[in-house]
$ cat coords-v3.cif   # mmCIF, C-alpha atoms
data_work
#
loop_
_atom_site.group_PDB
_atom_site.id
_atom_site.type_symbol
_atom_site.label_atom_id
_atom_site.label_comp_id
_atom_site.auth_asym_id
_atom_site.auth_seq_id
_atom_site.Cartn_x
_atom_site.Cartn_y
_atom_site.Cartn_z
ATOM 1 C CA MET A 392 -24.819 -23.697 -72.698
ATOM 2 C CA VAL A 393 -25.014 -20.197 -71.220
ATOM 3 C CA PHE A 394 -28.795 -20.197 -71.643
ATOM 4 C CA SER A 395 -29.134 -23.492 -69.766
ATOM 5 C CA ARG A 396 -26.979 -22.138 -66.925
ATOM 6 C CA VAL A 397 -29.121 -19.005 -66.681
ATOM 7 C CA LEU A 398 -32.289 -21.101 -66.833
ATOM 8 C CA GLY A 399 -30.999 -23.239 -63.965
ATOM 9 C CA LEU A 400 -30.599 -20.149 -61.792
ATOM 10 C CA ILE A 401 -34.299 -19.273 -62.002
ATOM 11 C CA PRO A 402 -35.512 -21.814 -59.370
ATOM 12 C CA ILE A 403 -32.679 -20.762 -57.042
ATOM 13 C CA ALA A 404 -33.567 -17.099 -57.435
ATOM 14 C CA PHE A 405 -37.216 -17.954 -56.816
ATOM 15 C CA LEU A 406 -36.414 -19.752 -53.538
ATOM 16 C CA VAL A 407 -34.142 -16.917 -52.409
ATOM 17 C CA SER A 408 -36.892 -14.407 -53.161
ATOM 18 C CA ILE A 409 -39.390 -16.403 -51.107
ATOM 19 C CA TYR A 410 -36.962 -16.561 -48.199
ATOM 20 C CA LEU A 411 -36.244 -12.823 -48.327
ATOM 21 C CA PHE A 412 -39.954 -12.030 -48.411
ATOM 22 C CA MET A 413 -40.768 -14.340 -45.481
ATOM 23 C CA SER A 414 -37.769 -13.115 -43.491
ATOM 24 C CA HIS A 415 -38.847 -9.501 -43.964
ATOM 25 C CA ALA A 416 -42.418 -10.334 -42.959
ATOM 26 C CA ARG A 417 -41.341 -12.206 -39.812
ATOM 27 C CA HIS A 418 -38.982 -9.432 -38.705
ATOM 28 C CA ALA A 419 -41.639 -6.816 -39.352
ATOM 29 C CA ALA A 420 -43.894 -8.702 -36.935
ATOM 30 C CA ASN A 421 -41.095 -9.590 -34.492
ATOM 31 C CA PRO A 422 -37.715 -7.813 -34.768
ATOM 32 C CA ASP A 423 -36.135 -10.433 -32.461
ATOM 33 C CA ASP A 424 -37.086 -13.366 -34.669
ATOM 34 C CA LYS A 425 -34.241 -15.933 -34.928
ATOM 35 C CA LEU A 426 -35.812 -18.528 -37.194
ATOM 36 C CA MET A 427 -35.327 -16.633 -40.460
ATOM 37 C CA PRO A 428 -32.473 -14.128 -40.065
ATOM 38 C CA THR A 429 -32.014 -11.253 -42.451
ATOM 39 C CA VAL A 430 -29.192 -11.097 -44.981
ATOM 40 C CA HIS A 431 -27.517 -8.416 -42.882
ATOM 41 C CA GLN A 432 -27.562 -10.637 -39.787
ATOM 42 C CA MET A 433 -26.093 -13.575 -41.699
ATOM 43 C CA TYR A 434 -23.430 -11.331 -43.213
ATOM 44 C CA ASP A 435 -22.402 -10.051 -39.778
ATOM 45 C CA GLN A 436 -22.132 -13.584 -38.382
ATOM 46 C CA MET A 437 -20.100 -14.843 -41.331
ATOM 47 C CA LYS A 438 -17.871 -11.783 -41.318
ATOM 48 C CA GLU A 439 -17.048 -12.345 -37.667
ATOM 49 C CA ILE A 440 -16.273 -16.045 -37.948
ATOM 50 C CA ALA A 441 -14.343 -15.602 -41.214
ATOM 51 C CA THR A 442 -12.212 -12.617 -40.187
ATOM 52 C CA VAL A 443 -11.941 -12.429 -36.393
ATOM 53 C CA PRO A 444 -9.447 -14.881 -34.805
ATOM 54 C CA ASP A 445 -10.805 -17.169 -32.100
ATOM 55 C CA LYS A 446 -9.923 -15.997 -28.587
ATOM 56 C CA ARG A 447 -8.800 -19.464 -27.475
ATOM 57 C CA SER A 448 -6.852 -20.745 -30.490
ATOM 58 C CA GLY A 449 -6.072 -17.510 -32.308
ATOM 59 C CA LYS A 450 -7.198 -19.119 -35.585
ATOM 60 C CA ILE A 451 -9.915 -18.187 -38.056
ATOM 61 C CA LEU A 452 -12.669 -20.685 -37.271
ATOM 62 C CA PHE A 453 -14.258 -20.581 -40.722
ATOM 63 C CA VAL A 454 -10.954 -21.466 -42.382
ATOM 64 C CA GLU A 455 -10.204 -24.226 -39.877
ATOM 65 C CA ASP A 456 -13.701 -25.689 -40.258
ATOM 66 C CA THR A 457 -13.360 -25.732 -44.033
ATOM 67 C CA LYS A 458 -9.914 -27.333 -43.953
ATOM 68 C CA ALA A 459 -10.996 -30.017 -41.481
ATOM 69 C CA SER A 460 -14.152 -30.999 -43.382
ATOM 70 C CA LEU A 461 -12.502 -30.978 -46.814
ATOM 71 C CA LYS A 462 -9.617 -33.098 -45.552
ATOM 72 C CA ARG A 463 -12.025 -35.714 -44.209
ATOM 73 C CA LEU A 464 -14.073 -35.606 -47.402
ATOM 74 C CA VAL A 465 -11.100 -35.878 -49.765
ATOM 75 C CA TYR A 466 -9.376 -38.654 -47.814
ATOM 76 C CA GLY A 467 -12.612 -40.582 -47.427
ATOM 77 C CA LEU A 468 -13.589 -40.276 -51.088
ATOM 78 C CA GLY A 469 -10.043 -41.079 -52.216
ATOM 79 C CA ILE A 470 -9.931 -44.296 -50.213
ATOM 80 C CA ALA A 471 -13.489 -45.194 -51.241
ATOM 81 C CA ALA A 472 -12.823 -44.600 -54.933
ATOM 82 C CA THR A 473 -9.578 -46.599 -54.894
ATOM 83 C CA PHE A 474 -11.146 -49.499 -53.005
ATOM 84 C CA GLY A 475 -14.327 -49.537 -55.087
ATOM 85 C CA TYR A 476 -12.402 -49.275 -58.365
ATOM 86 C CA ILE A 477 -9.974 -52.136 -57.695
ATOM 87 C CA VAL A 478 -12.324 -54.486 -55.854
ATOM 88 C CA GLY A 479 -15.190 -53.802 -58.257
ATOM 89 C CA ILE A 480 -13.078 -54.643 -61.316
ATOM 90 C CA MET A 481 -11.800 -57.839 -59.718
ATOM 91 C CA ILE A 482 -15.301 -58.937 -58.723
ATOM 92 C CA GLY A 483 -16.662 -58.267 -62.189
ATOM 93 C CA LEU A 484 -13.749 -59.846 -64.049
ATOM 94 C CA PHE A 485 -12.814 -62.939 -62.046
ATOM 95 C CA PRO A 486 -15.629 -65.467 -61.333
ATOM 96 C CA GLY A 487 -13.813 -66.981 -58.335
ATOM 97 C CA PHE A 488 -13.316 -63.609 -56.697
ATOM 98 C CA ARG A 489 -16.927 -62.713 -57.497
ATOM 99 C CA ALA A 490 -18.214 -65.854 -55.775
ATOM 100 C CA LEU A 491 -16.045 -65.056 -52.761
ATOM 101 C CA MET A 492 -16.716 -61.337 -52.338
ATOM 102 C CA MET A 493 -20.014 -60.428 -54.028
ATOM 103 C CA PRO A 494 -22.306 -61.734 -51.235
ATOM 104 C CA LEU A 495 -20.331 -59.734 -48.655
ATOM 105 C CA VAL A 496 -20.281 -56.571 -50.760
ATOM 106 C CA THR A 497 -24.003 -56.869 -51.483
ATOM 107 C CA SER A 498 -24.807 -57.328 -47.801
ATOM 108 C CA LEU A 499 -22.632 -54.422 -46.665
ATOM 109 C CA SER A 500 -24.012 -52.092 -49.341
ATOM 110 C CA ASN A 501 -27.493 -52.503 -47.857
ATOM 111 C CA ILE A 502 -26.386 -51.338 -44.404
ATOM 112 C CA ASN A 503 -26.887 -47.680 -43.516
ATOM 113 C CA PRO A 504 -23.384 -46.482 -42.499
ATOM 114 C CA LEU A 505 -24.880 -44.028 -39.990
ATOM 115 C CA ALA A 506 -26.285 -46.991 -38.083
ATOM 116 C CA LEU A 507 -22.693 -48.134 -37.524
ATOM 117 C CA LEU A 508 -21.415 -44.742 -36.426
ATOM 118 C CA VAL A 509 -21.416 -45.557 -32.711
ATOM 119 C CA ILE A 510 -19.630 -48.871 -33.332
ATOM 120 C CA ILE A 511 -17.044 -47.146 -35.519
ATOM 121 C CA LEU A 512 -16.397 -44.525 -32.837
ATOM 122 C CA VAL A 513 -15.989 -47.223 -30.171
ATOM 123 C CA VAL A 514 -13.578 -49.265 -32.289
ATOM 124 C CA LEU A 515 -11.551 -46.493 -33.933
ATOM 125 C CA GLY A 516 -11.984 -43.730 -31.360
ATOM 126 C CA ILE A 517 -13.156 -40.172 -31.885
ATOM 127 C CA GLY A 518 -10.132 -39.087 -33.935
ATOM 128 C CA GLU A 519 -9.763 -38.630 -37.678
ATOM 129 C CA PRO A 520 -9.625 -42.364 -38.612
ATOM 130 C CA SER A 521 -13.239 -42.947 -37.553
ATOM 131 C CA LYS A 522 -14.542 -40.014 -39.603
ATOM 132 C CA ILE A 523 -12.556 -40.981 -42.691
ATOM 133 C CA PHE A 524 -13.567 -44.627 -42.315
ATOM 134 C CA LEU A 525 -17.256 -43.683 -42.168
ATOM 135 C CA VAL A 526 -16.994 -41.876 -45.514
ATOM 136 C CA SER A 527 -14.843 -44.618 -47.050
ATOM 137 C CA PHE A 528 -17.196 -47.389 -45.944
ATOM 138 C CA GLY A 529 -20.373 -45.540 -46.868
ATOM 139 C CA ILE A 530 -19.157 -44.689 -50.363
ATOM 140 C CA GLY A 531 -16.626 -47.417 -51.191
ATOM 141 C CA ILE A 532 -18.919 -50.445 -50.862
ATOM 142 C CA PRO A 533 -21.664 -49.128 -53.218
ATOM 143 C CA ILE A 534 -18.999 -48.016 -55.717
ATOM 144 C CA ALA A 535 -17.432 -51.504 -55.696
ATOM 145 C CA ARG A 536 -20.822 -53.081 -56.317
ATOM 146 C CA SER A 537 -21.650 -50.689 -59.172
ATOM 147 C CA ILE A 538 -18.259 -51.119 -60.832
ATOM 148 C CA ALA A 539 -18.593 -54.910 -60.598
ATOM 149 C CA GLN A 540 -21.983 -54.778 -62.322
ATOM 150 C CA MET A 541 -20.594 -52.531 -65.061
ATOM 151 C CA VAL A 542 -17.673 -54.884 -65.708
ATOM 152 C CA GLU A 543 -20.043 -57.861 -65.930
ATOM 153 C CA LYS A 544 -22.084 -56.006 -68.574
ATOM 154 C CA MET A 545 -19.059 -55.317 -70.787
ATOM 155 C CA PRO A 546 -19.211 -57.043 -74.210
ATOM 156 C CA GLY A 547 -17.661 -60.477 -73.899
ATOM 157 C CA GLU A 548 -15.627 -60.121 -77.083
ATOM 158 C CA SER A 549 -13.716 -57.139 -75.683
ATOM 159 C CA ILE A 550 -12.279 -59.497 -73.055
ATOM 160 C CA ILE A 551 -12.167 -62.814 -74.941
ATOM 161 C CA LYS A 552 -10.376 -61.514 -78.049
ATOM 162 C CA PRO A 553 -7.317 -60.183 -76.202
ATOM 163 C CA LEU A 554 -7.091 -63.470 -74.283
ATOM 164 C CA THR A 555 -7.143 -65.504 -77.486
ATOM 165 C CA LEU A 556 -4.430 -63.258 -78.912
ATOM 166 C CA GLY A 557 -2.137 -64.063 -76.002
ATOM 167 C CA ALA A 558 -2.857 -61.346 -73.480
ATOM 168 C CA SER A 559 -2.850 -62.315 -69.815
ATOM 169 C CA GLN A 560 -5.797 -61.671 -67.516
ATOM 170 C CA LEU A 561 -3.734 -59.011 -65.748
ATOM 171 C CA GLU A 562 -3.091 -57.232 -69.060
ATOM 172 C CA VAL A 563 -6.796 -57.390 -69.925
ATOM 173 C CA MET A 564 -7.662 -55.910 -66.545
ATOM 174 C CA CYS A 565 -5.081 -53.105 -66.672
ATOM 175 C CA ARG A 566 -5.210 -52.178 -70.369
ATOM 176 C CA ILE A 567 -8.835 -52.821 -71.340
ATOM 177 C CA VAL A 568 -11.180 -53.008 -68.360
ATOM 178 C CA ALA A 569 -9.571 -50.458 -66.018
ATOM 179 C CA PRO A 570 -9.428 -47.579 -68.579
ATOM 180 C CA GLN A 571 -13.083 -48.112 -69.490
ATOM 181 C CA MET A 572 -14.140 -48.104 -65.853
ATOM 182 C CA LEU A 573 -12.201 -44.941 -64.885
ATOM 183 C CA PRO A 574 -14.678 -42.346 -66.250
ATOM 184 C CA ARG A 575 -17.520 -44.398 -64.839
ATOM 185 C CA LEU A 576 -15.779 -44.268 -61.477
ATOM 186 C CA ILE A 577 -15.677 -40.469 -61.695
ATOM 187 C CA ASP A 578 -19.405 -40.426 -62.425
ATOM 188 C CA LEU A 579 -20.047 -42.657 -59.409
ATOM 189 C CA VAL A 580 -18.005 -40.328 -57.188
ATOM 190 C CA ARG A 581 -20.086 -37.418 -58.493
ATOM 191 C CA LEU A 582 -23.277 -39.222 -57.538
ATOM 192 C CA SER A 583 -21.819 -39.996 -54.101
ATOM 193 C CA LEU A 584 -20.868 -36.433 -53.148
ATOM 194 C CA GLY A 585 -24.151 -35.760 -51.383
ATOM 195 C CA SER A 586 -23.904 -38.921 -49.288
ATOM 196 C CA ALA A 587 -20.243 -38.220 -48.526
ATOM 197 C CA TRP A 588 -21.105 -34.799 -47.103
ATOM 198 C CA ILE A 589 -23.868 -36.369 -44.980
ATOM 199 C CA PHE A 590 -21.367 -38.821 -43.478
ATOM 200 C CA VAL A 591 -18.803 -36.074 -42.827
ATOM 201 C CA ILE A 592 -21.338 -33.799 -41.117
ATOM 202 C CA ALA A 593 -22.787 -36.667 -39.060
ATOM 203 C CA ALA A 594 -19.351 -37.751 -37.849
ATOM 204 C CA GLU A 595 -18.369 -34.180 -36.990
ATOM 205 C CA ALA A 596 -21.598 -33.619 -35.096
ATOM 206 C CA VAL A 597 -21.070 -36.663 -32.868
ATOM 207 C CA ALA A 598 -17.344 -36.428 -32.113
ATOM 208 C CA SER A 599 -15.304 -33.447 -33.263
ATOM 209 C CA THR A 600 -13.920 -30.112 -32.185
ATOM 210 C CA GLU A 601 -13.789 -28.531 -35.638
ATOM 211 C CA GLY A 602 -15.439 -28.837 -39.009
ATOM 212 C CA LEU A 603 -18.440 -27.441 -40.834
ATOM 213 C CA GLY A 604 -20.765 -30.071 -39.375
ATOM 214 C CA TYR A 605 -19.428 -29.490 -35.876
ATOM 215 C CA ARG A 606 -20.032 -25.735 -36.181
ATOM 216 C CA ILE A 607 -23.601 -26.244 -37.390
ATOM 217 C CA TYR A 608 -24.522 -28.529 -34.509
ATOM 218 C CA LEU A 609 -22.744 -26.288 -32.023
ATOM 219 C CA GLN A 610 -24.743 -23.255 -33.155
ATOM 220 C CA GLN A 611 -27.925 -25.310 -33.074
ATOM 221 C CA ARG A 612 -27.782 -25.209 -29.274
ATOM 222 C CA TYR A 613 -28.202 -21.433 -29.402
ATOM 223 C CA MET A 614 -30.647 -21.420 -32.335
ATOM 224 C CA ASN A 615 -28.154 -19.258 -34.193
ATOM 225 C CA MET A 616 -29.739 -19.588 -37.626
ATOM 226 C CA ALA A 617 -27.804 -16.525 -38.806
ATOM 227 C CA LEU A 618 -24.712 -18.760 -38.915
ATOM 228 C CA ILE A 619 -26.314 -22.144 -39.578
ATOM 229 C CA ILE A 620 -27.970 -21.095 -42.837
ATOM 230 C CA PRO A 621 -24.791 -19.599 -44.393
ATOM 231 C CA TYR A 622 -22.857 -22.727 -43.405
ATOM 232 C CA VAL A 623 -25.459 -24.968 -45.061
ATOM 233 C CA VAL A 624 -25.361 -22.823 -48.199
ATOM 234 C CA TYR A 625 -21.565 -22.895 -48.123
ATOM 235 C CA ILE A 626 -21.548 -26.707 -47.958
ATOM 236 C CA SER A 627 -23.908 -26.779 -50.949
ATOM 237 C CA VAL A 628 -21.558 -24.496 -52.880
ATOM 238 C CA LEU A 629 -18.588 -26.721 -52.040
ATOM 239 C CA ALA A 630 -20.479 -29.817 -53.202
ATOM 240 C CA TYR A 631 -21.583 -28.102 -56.418
ATOM 241 C CA THR A 632 -18.041 -26.880 -57.101
ATOM 242 C CA SER A 633 -16.687 -30.394 -56.549
ATOM 243 C CA ASP A 634 -19.228 -31.747 -59.005
ATOM 244 C CA LEU A 635 -18.200 -29.161 -61.608
ATOM 245 C CA MET A 636 -14.537 -30.078 -61.163
ATOM 246 C CA LEU A 637 -15.303 -33.747 -61.756
ATOM 247 C CA GLN A 638 -17.325 -32.811 -64.837
ATOM 248 C CA LEU A 639 -14.323 -30.903 -66.168
ATOM 249 C CA ILE A 640 -12.125 -33.957 -65.629
ATOM 250 C CA LEU A 641 -14.552 -36.024 -67.702
ATOM 251 C CA LYS A 642 -14.153 -33.495 -70.519
ATOM 252 C CA LEU A 643 -10.422 -34.119 -70.777
ATOM 253 C CA ARG A 644 -9.154 -35.448 -74.071
ATOM 254 C CA CYS A 645 -8.562 -38.942 -72.692
ATOM 255 C CA PHE A 646 -12.250 -39.242 -71.781
ATOM 256 C CA ARG A 647 -13.784 -37.805 -74.947
ATOM 257 C CA TRP A 648 -14.942 -41.263 -76.028
ATOM 258 C CA TYR A 649 -16.996 -41.527 -72.847
ATOM 259 C CA ALA A 650 -18.418 -38.008 -73.168
ATOM 260 C CA SER A 651 -19.524 -38.618 -76.759
ATOM 261 C CA LYS A 652 -21.001 -41.993 -75.821
ATOM 262 C CA ASN A 653 -23.075 -40.453 -73.034
ATOM 263 C CA GLY A 654 -24.062 -37.332 -74.940
#

$ encode --input "coords-v3.cif" --output "structure tokens"
Amino acid sequence: MVFSRVLGLIPIAFLVSIYLFMSHARHAANPDDKLMPTVHQMYDQMKEIATVPDKRSGKILFVEDTKASLKRLVYGLGIAATFGYIVGIMIGLFPGFRALMMPLVTSLSNINPLALLVIILVVLGIGEPSKIFLVSFGIGIPIARSIAQMVEKMPGESIIKPLTLGASQLEVMCRIVAPQMLPRLIDLVRLSLGSAWIFVIAAEAVASTEGLGYRIYLQQRYMNMALIIPYVVYISVLAYTSDLMLQLILKLRCFRWYASKNG
């Protein structure tokens, strides 16, 4: 386990080394180069935004950006996961509901949520609801479709036997289907983290006054790569940490059957 972790760091270290070499070469040729800032320049920019209070608000901008983006991400993913979990199970389990909802879910899952961003902003405004809805819509619909397909592929006897023994459809859904779909839902959320961050950053770039995405696009106007690059790396670290946390949840005792099944 430790060896695999160390092995995984080699490509990252290689890319960092290439960047450091190219940054040094560019600054040796042009000390005012802004495209590839040095580590010292990035450290100074991050130190200022993470420790010096903003003159207008008196708050630490780095902390406020992190709080704003994480709130939108967590709320959006929470709503998406809940919607996808419940609707997906119902579509996969009940033929009538599947006939009613599956064409709509399939159609919506093929729409790029970013193409609807302007419409969402017009309808919901530029406040928090529009940003959270973008994440919820972009992630929730594909999750519902995937969960529905997984439920349909469940062995028929695992559903028919309880029904023949007197269990109701609601009991089958809550006590048999739902527990089996829960770890799969966590895996789907893990796979959706990258897309969720894209939706958050896109929404913040178009209409926001705080957030990691807003800060990146604001600094883009001044070509301030010394702050943009650390913010991008920071977002990657947050996404990777979130993925690790979800992996730890899957290792809980109640999900050991799923972990052993999937190696």

$ resolve_selection --input "coords-v3.cif" --expression "the PyMOL selection byres ((chain A and resi 455) around 12)" --output "list in words"
Ile440, Ala441, Thr442, Pro444, Asp445, Ser448, Gly449, Lys450, Ile451, Leu452, Phe453, Val454, Asp456, Thr457, Lys458, Ala459, Ser460, Leu461, Lys462, Thr600, Glu601, Gly602, Leu603, Tyr605 and Arg606 of chain A

$ closest_residue --input "coords-v3.cif" --among "A:Ile523, A:Ala598, A:Leu507, A:Ile538" --to "Gln571 (chain A)" --atoms "all atoms listed in the file"
A:Ile538

$ closest_residue --input "coords-v3.cif" --among "A:Leu508, A:Leu641, A:Ala420, A:Val496" --to "Leu579 (chain A)" --atoms "only C-alpha atoms"
A:Leu641

$ resolve_selection --input "coords-v3.cif" --expression "the PyMOL selection byres ((chain A and resi 629-631) around 12)" --output "ChimeraX atom specification"
/A:457-458,460-461,464-465,580-589,603,622-628,632-638

$ atom_distance --input "coords-v3.cif" --atom1 "CA of Leu573 (chain A)" --atom2 "CA of Phe524 (chain A)"
22.6 Å

$ atom_distance --input "coords-v3.cif" --atom1 "CA of Ala617 (chain A)" --atom2 "CA of Met433 (chain A)"
4.5 Å

$ atom_distance --input "coords-v3.cif" --atom1 "CA of Ile530 (chain A)" --atom2 "CA of Cys645 (chain A)"
25.4 Å

$ residues_around --input "coords-v3.cif" --residues "Gly547 (chain A)" --least-positions-apart "3" --cutoff "12 Å" --atoms "all atoms listed in the file" --output "list in words"
Gly483, Leu484, Val542, Glu543, Lys544, Ile550, Ile551, Lys552, Pro553, Leu554, Val563, Ile567 and Val568 of chain A

$ resolve_selection --input "coords-v3.cif" --expression "the PyMOL selection byres ((chain A and resi 479) around 12)" --output "PDB file with C-alpha atoms, in the coordinates of the input"
ATOM      1  CA  ALA A 471     -13.489 -45.194 -51.241  1.00  0.00           C
ATOM      2  CA  ALA A 472     -12.823 -44.600 -54.933  1.00  0.00           C
ATOM      3  CA  THR A 473      -9.578 -46.599 -54.894  1.00  0.00           C
ATOM      4  CA  PHE A 474     -11.146 -49.499 -53.005  1.00  0.00           C
ATOM      5  CA  GLY A 475     -14.327 -49.537 -55.087  1.00  0.00           C
ATOM      6  CA  TYR A 476     -12.402 -49.275 -58.365  1.00  0.00           C
ATOM      7  CA  ILE A 477      -9.974 -52.136 -57.695  1.00  0.00           C
ATOM      8  CA  VAL A 478     -12.324 -54.486 -55.854  1.00  0.00           C
ATOM      9  CA  ILE A 480     -13.078 -54.643 -61.316  1.00  0.00           C
ATOM     10  CA  MET A 481     -11.800 -57.839 -59.718  1.00  0.00           C
ATOM     11  CA  ILE A 482     -15.301 -58.937 -58.723  1.00  0.00           C
ATOM     12  CA  GLY A 483     -16.662 -58.267 -62.189  1.00  0.00           C
ATOM     13  CA  LEU A 484     -13.749 -59.846 -64.049  1.00  0.00           C
ATOM     14  CA  PHE A 485     -12.814 -62.939 -62.046  1.00  0.00           C
ATOM     15  CA  PHE A 488     -13.316 -63.609 -56.697  1.00  0.00           C
ATOM     16  CA  ARG A 489     -16.927 -62.713 -57.497  1.00  0.00           C
ATOM     17  CA  MET A 492     -16.716 -61.337 -52.338  1.00  0.00           C
ATOM     18  CA  MET A 493     -20.014 -60.428 -54.028  1.00  0.00           C
ATOM     19  CA  VAL A 496     -20.281 -56.571 -50.760  1.00  0.00           C
ATOM     20  CA  THR A 497     -24.003 -56.869 -51.483  1.00  0.00           C
ATOM     21  CA  GLY A 531     -16.626 -47.417 -51.191  1.00  0.00           C
ATOM     22  CA  ILE A 532     -18.919 -50.445 -50.862  1.00  0.00           C
ATOM     23  CA  PRO A 533     -21.664 -49.128 -53.218  1.00  0.00           C
ATOM     24  CA  ILE A 534     -18.999 -48.016 -55.717  1.00  0.00           C
ATOM     25  CA  ALA A 535     -17.432 -51.504 -55.696  1.00  0.00           C
ATOM     26  CA  ARG A 536     -20.822 -53.081 -56.317  1.00  0.00           C
ATOM     27  CA  SER A 537     -21.650 -50.689 -59.172  1.00  0.00           C
ATOM     28  CA  ILE A 538     -18.259 -51.119 -60.832  1.00  0.00           C
ATOM     29  CA  ALA A 539     -18.593 -54.910 -60.598  1.00  0.00           C
ATOM     30  CA  GLN A 540     -21.983 -54.778 -62.322  1.00  0.00           C
ATOM     31  CA  MET A 541     -20.594 -52.531 -65.061  1.00  0.00           C
ATOM     32  CA  VAL A 542     -17.673 -54.884 -65.708  1.00  0.00           C
ATOM     33  CA  GLU A 543     -20.043 -57.861 -65.930  1.00  0.00           C
ATOM     34  CA  MET A 564      -7.662 -55.910 -66.545  1.00  0.00           C
ATOM     35  CA  VAL A 568     -11.180 -53.008 -68.360  1.00  0.00           C
ATOM     36  CA  ALA A 569      -9.571 -50.458 -66.018  1.00  0.00           C
ATOM     37  CA  MET A 572     -14.140 -48.104 -65.853  1.00  0.00           C
ATOM     38  CA  LEU A 573     -12.201 -44.941 -64.885  1.00  0.00           C
ATOM     39  CA  ARG A 575     -17.520 -44.398 -64.839  1.00  0.00           C
ATOM     40  CA  LEU A 576     -15.779 -44.268 -61.477  1.00  0.00           C
TER      41      LEU A 576
END

$ closest_residue --input "coords-v3.cif" --among "A:Val443, A:Leu406, A:Ala416, A:Val526" --to "Phe590 (chain A)" --atoms "only C-alpha atoms"
A:Val526

$ closest_residue --input "coords-v3.cif" --among "A:Gln560, A:Ile640, A:Asp424, A:Ile502" --to "Gly529 (chain A)" --atoms "only C-alpha atoms"
A:Ile502

$ residues_around --input "coords-v3.cif" --residues "Pro428 (chain A)" --least-positions-apart "3" --cutoff "10 Å" --atoms "only C-alpha atoms" --output "list in words"
Tyr410, Leu411, Met413, Ser414, His415, Arg417, His418, Pro422, Asp423, Asp424, Lys425, His431, Gln432, Met433, Tyr434, Asn615, Met616, Ala617, Leu618 and Ile620 of chain A
